[in-house]
$ cat start_23.txt   # compact mmCIF, C-alpha atoms
# COMPACT_ATOMS: atom_id res chain seq x y z
CA SER A 297 83.01 91.99 18.90
CA GLN A 298 84.26 92.74 22.42
CA GLY A 299 82.96 91.39 25.76
CA VAL A 300 83.79 90.14 29.19
CA GLY A 301 86.29 87.32 29.33
CA PRO A 302 86.25 84.38 31.75
CA SER A 303 86.94 85.11 35.43
CA LYS A 304 89.65 83.51 37.54
CA ALA A 305 89.72 83.30 41.35
CA THR A 306 92.53 85.05 43.18
CA THR A 307 95.05 83.30 45.39
CA PRO A 308 94.39 83.54 48.27
CA PRO A 309 90.63 83.70 47.66
CA PHE A 310 90.22 86.66 50.06
CA LEU A 311 92.39 89.06 52.02
CA ASN A 312 91.80 91.12 55.15
CA PRO A 313 94.00 94.22 54.84
CA HIS A 314 95.70 94.66 58.21
CA GLN A 315 98.94 95.57 59.89
CA LYS A 316 100.60 95.10 63.26
CA PRO A 317 98.73 96.68 66.18
CA ALA A 318 99.62 99.83 68.05
CA PRO A 319 101.12 99.52 71.56
CA PRO A 320 98.86 98.64 74.49
CA THR A 321 97.70 101.58 76.62
CA ASN A 322 97.68 102.22 80.36
CA VAL A 323 100.59 99.83 80.99
CA ARG A 324 101.39 99.88 84.69
CA VAL A 325 103.35 97.75 87.13
CA ALA A 326 103.25 97.39 90.91
CA ALA A 327 104.82 95.26 93.63
CA THR A 328 102.50 92.50 94.85
CA SER A 329 104.80 90.77 97.34
CA GLU A 330 108.52 90.40 98.06
CA SER A 331 108.81 87.92 95.17
CA MET A 332 106.08 89.02 92.73
CA ILE A 333 105.14 92.00 90.59
CA THR A 334 101.93 92.52 88.63
CA ILE A 335 101.56 94.22 85.24
CA GLY A 336 98.28 95.57 83.90
CA TRP A 337 97.32 97.11 80.56
CA SER A 338 94.46 98.17 78.31
CA GLU A 339 93.86 97.47 74.63
CA PRO A 340 95.66 99.50 71.92
CA LEU A 341 94.03 102.53 70.37
CA ASP A 342 94.47 100.84 66.96
CA ASP A 343 94.29 97.07 66.48
CA GLY A 344 95.80 97.32 63.00
CA GLY A 345 92.58 96.23 61.34
CA ASP A 346 92.60 92.78 62.93
CA ASP A 347 91.61 91.35 66.29
CA ILE A 348 94.23 91.31 69.03
CA THR A 349 94.78 87.63 69.82
CA THR A 350 97.65 87.77 72.31
CA TYR A 351 99.55 90.08 74.61
CA ARG A 352 103.24 89.55 75.27
CA VAL A 353 104.56 90.53 78.71
CA GLU A 354 108.33 90.97 78.92
CA TRP A 355 110.56 91.70 81.92
CA ASP A 356 114.27 92.17 82.48
CA THR A 357 116.75 93.64 84.95
CA SER A 358 117.97 95.99 82.19
CA SER A 359 116.03 98.91 80.74
CA GLY A 360 117.15 97.83 77.26
CA PHE A 361 115.84 94.29 77.84
CA THR A 362 119.25 92.96 76.79
CA SER A 363 120.70 91.82 80.11
CA SER A 364 122.54 88.55 80.66
CA SER A 365 120.11 87.65 83.46
CA ILE A 366 118.54 84.21 83.35
CA PRO A 367 114.96 83.22 84.18
CA PRO A 368 113.08 84.01 86.33
CA HIS A 369 114.80 87.42 86.36
CA LYS A 370 114.39 87.83 82.61
CA GLY A 371 111.80 86.46 80.22
CA TYR A 372 108.50 86.89 78.45
CA ILE A 373 105.14 85.17 78.28
CA ASP A 374 102.27 85.34 75.80
CA VAL A 375 98.76 85.44 77.28
CA GLU A 376 95.36 85.17 75.62
CA ALA A 377 93.91 88.60 74.87
CA SER A 378 90.30 87.53 75.39
CA ILE A 379 91.06 86.54 79.01
CA HIS A 380 93.93 88.62 80.36
CA GLU A 381 94.56 92.32 80.91
CA SER A 382 97.11 91.65 83.63
CA TYR A 383 99.79 89.15 84.62
CA THR A 384 101.83 88.40 87.74
CA ILE A 385 105.49 87.44 87.51
CA GLU A 386 106.71 85.12 90.25
CA LEU A 387 109.99 83.95 91.88
CA LEU A 388 111.65 87.36 91.63
CA SER A 389 114.22 88.89 94.00
CA LYS A 390 113.61 91.73 96.43
CA GLU A 391 117.23 92.74 95.76
CA LYS A 392 116.66 93.50 92.07
CA ARG A 393 114.66 96.01 90.09
CA TYR A 394 112.67 94.87 87.07
CA PHE A 395 111.76 96.69 83.88
CA THR A 396 108.57 95.62 82.13
CA ARG A 397 106.79 96.19 78.83
CA VAL A 398 103.82 94.79 76.92
CA PHE A 399 103.24 94.06 73.22
CA ALA A 400 99.95 93.49 71.40
CA ILE A 401 99.86 90.74 68.76
CA ASN A 402 97.47 90.10 65.86
CA ASP A 403 97.74 87.94 62.73
CA ALA A 404 100.09 90.49 61.15
CA GLY A 405 102.64 90.04 63.92
CA VAL A 406 103.99 91.58 67.10
CA GLY A 407 103.37 95.30 67.52
CA THR A 408 105.54 97.97 69.11
CA PRO A 409 105.95 97.57 72.89
CA GLN A 410 104.79 99.97 75.55
CA THR A 411 106.96 100.27 78.64
CA SER A 412 105.28 100.34 82.01
CA SER A 413 104.72 103.17 84.43
CA PRO A 414 106.76 103.33 86.56
CA LYS A 415 109.62 102.16 84.33
CA TYR A 416 110.83 99.66 86.91
CA ILE A 417 109.72 98.10 90.18
CA THR A 418 111.33 96.20 93.05
CA PRO A 419 109.33 93.40 94.72
CA ALA A 420 108.39 94.13 98.34
CA LYS A 421 105.86 93.02 100.93
CA GLN A 422 102.66 95.07 100.88
CA VAL A 423 99.52 95.75 102.89
CA PRO A 424 96.58 93.46 102.03
CA GLY A 425 94.09 94.15 99.30
CA THR A 426 90.52 95.20 100.02
CA PRO A 427 87.95 92.69 101.30
CA HIS A 428 84.91 92.24 99.07
CA SER A 429 81.38 90.80 98.94
CA LEU A 430 80.47 92.72 102.10
CA VAL A 431 76.98 91.95 103.46
CA ALA A 432 75.20 93.20 106.59
CA THR A 433 71.80 92.04 107.93
CA PRO A 434 69.84 92.43 111.17
CA GLY A 435 71.10 89.92 113.74
CA SER A 436 69.17 87.31 115.70
CA GLY A 437 69.33 89.24 118.97
CA LEU A 438 68.09 92.68 119.94
CA GLY A 439 70.35 95.52 118.88
CA THR A 440 72.60 93.33 116.71
CA ILE A 441 73.83 93.25 113.09
CA ASP A 442 75.49 90.27 111.40
CA VAL A 443 78.31 91.05 108.95
CA TRP A 444 80.05 88.82 106.37
CA TRP A 445 82.76 89.43 103.79
CA GLN A 446 85.37 87.67 101.66
CA ARG A 447 89.15 87.89 101.97
CA PRO A 448 90.87 90.18 99.42
CA ARG A 449 91.07 88.74 95.91
CA ILE A 450 92.85 91.66 94.24
CA PRO A 451 96.09 93.14 95.67
CA HIS A 452 96.22 96.58 97.26
CA HIS A 453 97.38 98.20 93.99
CA THR A 454 94.00 97.21 92.41
CA ILE A 455 95.54 95.40 89.40
CA PRO A 456 94.17 91.84 89.24
CA CYS A 457 96.93 89.25 89.36
CA TYR A 458 95.47 87.62 86.24
CA GLY A 459 92.36 88.00 84.12
CA SER A 460 90.57 91.32 83.80
CA TYR A 461 88.76 93.89 85.92
CA SER A 462 85.39 92.27 85.24
CA LEU A 463 86.67 88.69 85.58
CA PRO A 464 89.71 88.72 87.90
CA GLN A 465 91.48 85.49 88.73
CA ASP A 466 93.05 84.53 92.05
CA CYS A 467 96.61 85.54 92.80
CA PRO A 468 99.30 82.87 92.95
CA VAL A 469 100.54 81.41 96.23
CA LYS A 470 104.11 82.29 97.16
CA TYR A 471 106.66 79.49 97.33
CA GLY A 472 106.14 77.61 100.58
CA GLY A 473 102.91 79.49 101.34
CA SER A 474 99.28 78.45 101.44
CA THR A 475 97.21 81.54 100.58
CA PRO A 476 97.12 83.84 97.53
CA VAL A 477 99.40 86.89 97.72
CA SER A 478 96.48 89.31 97.54
CA ASN A 479 97.32 89.44 101.26
CA GLY A 480 100.45 91.44 100.35
CA GLY A 481 102.79 88.50 100.90
CA GLU A 482 102.12 88.29 104.64
CA PRO A 483 99.23 86.53 106.43
CA ILE A 484 96.21 88.63 107.32
CA ILE A 485 96.27 88.83 111.10
CA GLU A 486 92.93 90.54 111.59
CA TYR A 487 90.04 92.41 110.04
CA GLU A 488 88.70 95.66 111.40
CA VAL A 489 84.96 96.26 111.12
CA GLU A 490 83.71 99.81 111.61
CA TYR A 491 80.07 100.76 112.06
CA ASN A 492 78.43 104.16 112.33
CA GLU A 493 75.05 105.86 112.14
CA ARG A 494 76.35 108.15 109.39
CA SER A 495 77.65 107.18 105.95
CA ASP A 496 80.76 109.33 106.42
CA PHE A 497 81.51 107.45 109.67
CA ASN A 498 81.69 110.69 111.64
CA GLY A 499 78.56 110.14 113.72
CA ILE A 500 78.51 109.81 117.52
CA ASP A 501 76.88 106.38 117.55
CA GLY A 502 79.49 103.99 116.17
CA GLY A 503 82.51 101.88 116.94
CA ARG A 504 85.07 99.37 115.71
CA LYS A 505 85.49 95.64 116.14
CA ARG A 506 88.55 93.49 115.37
CA VAL A 507 88.16 89.85 114.37
CA THR A 508 90.32 87.12 112.84
CA GLY A 509 87.60 85.52 110.70
CA THR A 510 85.48 86.82 107.85
CA SER A 511 82.25 87.38 109.79
CA CYS A 512 81.11 88.89 113.05
CA THR A 513 78.08 90.04 115.00
CA ILE A 514 78.00 93.64 116.21
CA LEU A 515 76.33 93.89 119.62
CA ASN A 516 74.79 96.55 121.85
CA LEU A 517 73.47 98.76 119.05
CA THR A 518 70.52 101.11 119.28
CA ASN A 519 67.49 98.96 118.51
CA GLY A 520 66.13 99.57 115.00
CA ARG A 521 68.76 102.17 114.04
CA THR A 522 70.44 101.91 110.65
CA TYR A 523 74.23 101.63 110.68
CA TYR A 524 76.72 101.86 107.85
CA ILE A 525 79.38 99.16 107.79
CA ARG A 526 82.91 98.93 106.39
CA VAL A 527 85.80 96.49 106.80
CA LEU A 528 89.55 96.40 106.13
CA ALA A 529 92.26 93.72 106.26
CA ARG A 530 95.51 94.07 108.21
CA ASN A 531 98.87 92.26 108.15
CA VAL A 532 102.22 93.00 109.82
CA ILE A 533 102.99 95.62 107.15
CA GLY A 534 99.85 97.63 107.87
CA SER A 535 96.19 98.16 106.99
CA GLY A 536 94.63 97.94 103.56
CA ARG A 537 91.76 100.08 102.32
CA PHE A 538 88.24 99.88 103.69
CA CYS A 539 85.48 98.19 101.74
CA GLU A 540 82.20 99.96 102.42
CA ARG A 541 80.23 99.06 99.30
CA LYS A 542 78.59 96.01 97.82
CA GLY A 543 80.28 94.16 94.99
CA GLY A 544 81.45 90.70 94.00
CA ASN A 545 85.17 91.30 93.34
CA HIS A 546 85.27 95.07 93.77
CA CYS A 547 83.69 97.36 96.34
CA ASP A 548 81.98 99.48 93.71
CA GLY A 549 78.27 99.11 94.43
CA ASP A 550 75.88 100.73 96.90
CA LEU A 551 76.97 101.56 100.44
CA VAL A 552 76.47 98.68 102.89
CA SER A 553 74.08 99.33 105.74
CA ALA A 554 71.62 97.46 107.93
CA ALA A 555 69.14 98.21 110.69
CA SER A 556 69.89 96.59 114.02
CA THR A 557 67.28 94.16 115.23
CA PRO A 558 64.49 96.13 116.96
$ encode --input "start_23.txt" --output "structure tokens"
Amino acid sequence: SQGVGPSKATTPPFLNPHQKPAPPTNVRVAATSESMITIGWSEPLDDGGDDITTYRVEWDTSSGFTSSSIPPHKGYIDVEASIHESYTIELLSKEKRYFTRVFAINDAGVGTPQTSSPKYITPAKQVPGTPHSLVATPGSGLGTIDVWWQRPRIPHHTIPCYGSYSLPQDCPVKYGGSTPVSNGGEPIIEYEVEYNERSDFNGIDGGRKRVTGTSCTILNLTNGRTYYIRVLARNVIGSGRFCERKGGNHCDGDLVSAASTP
């Protein structure tokens, strides 16, 4: 008679069919300072059937990535995919142009690279990034509003130096410096605070105030009137963008306003 014979386990005992991932998407590069550039990307459209574990960031002074340059002008680094969607390359030369590309990696191997847009970038000093965590409240005196904010954490080009959009990490400090290069590579010399009775800042009742710290009190306002507030950072290169909305690392919440003390 016929029947089912004995079974035998396969080797390996299981298999996850997968292949190398597709290229990352939205790969972009921008100058962060005169010695740094920052590359950002998004996940591939196809992970190959397996989780992306690592991204490889590569840079070179040649578009073919085959130059005879030595580090730091040529190289690559692998970063953890669960943490990083951007990376900042340091110790570069403002006299050179750098080509960049990004690979996605899963357990099947290294996928096809995606070159950045633009194709190359030259490091250069920049305007500061946008201040964040802007808060305004009625002041302690009549007709006053107190304003606080935090120095820029993300450079002017809006690509976090490291980490991701939702969890950005601080930018590196340039060689010999003391503050992160989200300032554009030059110290922030002042902040400009603008206030106005209208949200488009075109009202008659308004003004501007320049300060060197990250807080100020606006005086001589119309008692009890609501004013909209925004602030920008400035260095010797120029002025960054205004922040006029609430938000921890990004100015992407509600408009900031407060009523002056009646």
$ atom_distance --input "start_23.txt" --atom1 "atom CA of A:Val443" --atom2 "atom CA of A:Thr513"
6.1 Å
$ residues_around --input "start_23.txt" --residues "A:Glu391" --least-positions-apart "5" --cutoff "10 Å" --atoms "only C-alpha atoms" --output "list in words"
Glu330, Ser331, Thr418, Pro419 and Ala420 of chain A
$ residues_around --input "start_23.txt" --residues "A:His380" --least-positions-apart "4" --cutoff "12 Å" --atoms "all atoms listed in the file" --output "MDAnalysis selection string"
chainID A and resid 335:339 348:353 373:376 384 400 455:465
$ residues_around --input "start_23.txt" --residues "A:Gly509" --least-positions-apart "3" --cutoff "9 Å" --atoms "only C-alpha atoms" --output "PyMOL selection string"
chain A and resi 486-487+512
$ residues_around --input "start_23.txt" --residues "A:Cys547" --least-positions-apart "6" --cutoff "6 Å" --atoms "only C-alpha atoms" --output "MDAnalysis selection string"
chainID A and resid 428 539 541
$ atom_distance --input "start_23.txt" --atom1 "atom CA of A:Thr508" --atom2 "atom CA of A:Ile385"
29.5 Å
$ closest_residue --input "start_23.txt" --among "A:Ser474, A:Thr396, A:Ser378, A:Ser389" --to "A:Trp355" --atoms "only C-alpha atoms"
A:Thr396
$ residues_near_point --input "start_23.txt" --point "(83.2, 96.8, 109.2)" --cutoff "8 Å" --atoms "only C-alpha atoms" --output "PyMOL selection string"
chain A and resi 443+488-491+504-505+525-528+539-540
$ closest_residue --input "start_23.txt" --among "A:Pro367, A:Ser556, A:Val323, A:Gly425" --to "A:Glu386" --atoms "only C-alpha atoms"
A:Pro367
$ closest_residue --input "start_23.txt" --among "A:Arg449, A:Arg530, A:Lys470, A:Arg521" --to "A:Ile484" --atoms "all atoms listed in the file"
A:Arg530
$ atom_distance --input "start_23.txt" --atom1 "atom CA of A:Ser382" --atom2 "atom CA of A:Asp343"
18.2 Å
$ decode --input "start_23.txt" --residues "stretch 386-491 of chain A" --atoms "C-alpha atoms" --output "CSV table (one decimal), in the first residue's frame"
chain,number,residue,atom,x,y,z
A,386,GLU,CA,32.8,67.6,8.0
A,387,LEU,CA,36.3,68.9,7.4
A,388,LEU,CA,35.7,69.6,3.7
A,389,SER,CA,37.2,72.4,1.5
A,390,LYS,CA,35.4,75.4,0.2
A,391,GLU,CA,37.7,75.2,-2.8
A,392,LYS,CA,36.3,71.8,-3.9
A,393,ARG,CA,33.0,70.5,-5.2
A,394,TYR,CA,31.6,67.2,-3.8
A,395,PHE,CA,29.4,64.6,-5.4
A,396,THR,CA,27.2,62.6,-3.1
A,397,ARG,CA,25.0,59.5,-3.3
A,398,VAL,CA,23.1,57.2,-0.9
A,399,PHE,CA,22.6,53.4,-0.9
A,400,ALA,CA,20.0,51.4,1.1
A,401,ILE,CA,21.1,48.1,2.7
A,402,ASN,CA,19.1,45.1,3.9
A,403,ASP,CA,20.2,41.5,4.7
A,404,ALA,CA,20.4,40.8,1.0
A,405,GLY,CA,23.1,43.4,0.5
A,406,VAL,CA,23.8,46.9,-0.8
A,407,GLY,CA,21.2,48.3,-3.2
A,408,THR,CA,21.7,50.6,-6.2
A,409,PRO,CA,22.7,54.1,-5.3
A,410,GLN,CA,20.8,57.3,-5.8
A,411,THR,CA,22.8,60.4,-6.6
A,412,SER,CA,21.8,63.6,-4.9
A,413,SER,CA,20.1,66.7,-6.3
A,414,PRO,CA,22.0,68.8,-7.1
A,415,LYS,CA,24.6,66.4,-8.3
A,416,TYR,CA,27.4,68.3,-6.5
A,417,ILE,CA,27.8,71.0,-3.9
A,418,THR,CA,30.6,73.3,-2.7
A,419,PRO,CA,30.8,74.1,1.0
A,420,ALA,CA,30.1,77.8,1.9
A,421,LYS,CA,29.0,79.9,4.8
A,422,GLN,CA,25.3,80.3,5.0
A,423,VAL,CA,22.6,82.4,6.8
A,424,PRO,CA,21.4,80.9,10.1
A,425,GLY,CA,18.6,78.3,10.4
A,426,THR,CA,15.2,79.2,11.8
A,427,PRO,CA,14.7,79.7,15.6
A,428,HIS,CA,12.2,77.4,17.2
A,429,SER,CA,10.1,76.8,20.3
A,430,LEU,CA,8.7,80.3,20.1
A,431,VAL,CA,6.5,81.3,23.0
A,432,ALA,CA,4.8,84.6,23.8
A,433,THR,CA,2.8,85.5,27.0
A,434,PRO,CA,1.5,88.7,28.6
A,435,GLY,CA,4.3,90.5,30.4
A,436,SER,CA,4.4,91.7,34.0
A,437,GLY,CA,3.9,95.3,33.2
A,438,LEU,CA,1.1,97.2,31.5
A,439,GLY,CA,1.2,97.0,27.7
A,440,THR,CA,3.9,94.3,27.6
A,441,ILE,CA,4.5,90.9,26.1
A,442,ASP,CA,7.3,88.5,27.0
A,443,VAL,CA,8.8,86.4,24.2
A,444,TRP,CA,11.2,83.4,24.4
A,445,TRP,CA,12.7,81.1,21.7
A,446,GLN,CA,15.5,78.7,21.1
A,447,ARG,CA,18.5,79.1,18.8
A,448,PRO,CA,18.3,77.3,15.4
A,449,ARG,CA,18.8,73.6,15.6
A,450,ILE,CA,18.3,72.8,11.9
A,451,PRO,CA,20.3,74.6,9.2
A,452,HIS,CA,18.7,77.1,6.8
A,453,HIS,CA,18.3,74.4,4.1
A,454,THR,CA,15.9,72.5,6.5
A,455,ILE,CA,17.7,69.2,6.3
A,456,PRO,CA,18.6,68.0,9.8
A,457,CYS,CA,22.4,67.5,10.3
A,458,TYR,CA,21.7,64.1,11.7
A,459,GLY,CA,18.6,62.0,12.7
A,460,SER,CA,15.3,62.6,11.1
A,461,TYR,CA,12.6,65.2,10.6
A,462,SER,CA,10.7,64.1,13.7
A,463,LEU,CA,13.8,63.5,15.8
A,464,PRO,CA,16.6,65.8,14.5
A,465,GLN,CA,20.0,65.8,16.2
A,466,ASP,CA,22.2,68.8,16.8
A,467,CYS,CA,24.7,69.9,14.1
A,468,PRO,CA,28.4,69.4,14.7
A,469,VAL,CA,30.6,72.2,15.9
A,470,LYS,CA,33.2,73.4,13.3
A,471,TYR,CA,36.9,72.9,14.0
A,472,GLY,CA,37.9,75.5,16.6
A,473,GLY,CA,34.4,76.6,17.2
A,474,SER,CA,32.0,76.4,20.1
A,475,THR,CA,28.5,76.3,18.7
A,476,PRO,CA,26.7,74.0,16.3
A,477,VAL,CA,26.8,75.0,12.6
A,478,SER,CA,23.1,75.4,12.4
A,479,ASN,CA,24.2,79.1,12.6
A,480,GLY,CA,25.4,78.8,9.0
A,481,GLY,CA,29.1,78.6,10.1
A,482,GLU,CA,29.2,82.1,11.5
A,483,PRO,CA,28.1,83.3,15.0
A,484,ILE,CA,24.5,84.7,15.3
A,485,ILE,CA,25.0,88.4,16.0
A,486,GLU,CA,21.4,89.2,16.7
A,487,TYR,CA,17.7,88.1,16.6
A,488,GLU,CA,15.0,90.3,15.2
A,489,VAL,CA,11.6,90.1,16.8
A,490,GLU,CA,8.6,91.4,14.9
A,491,TYR,CA,5.2,92.0,16.4
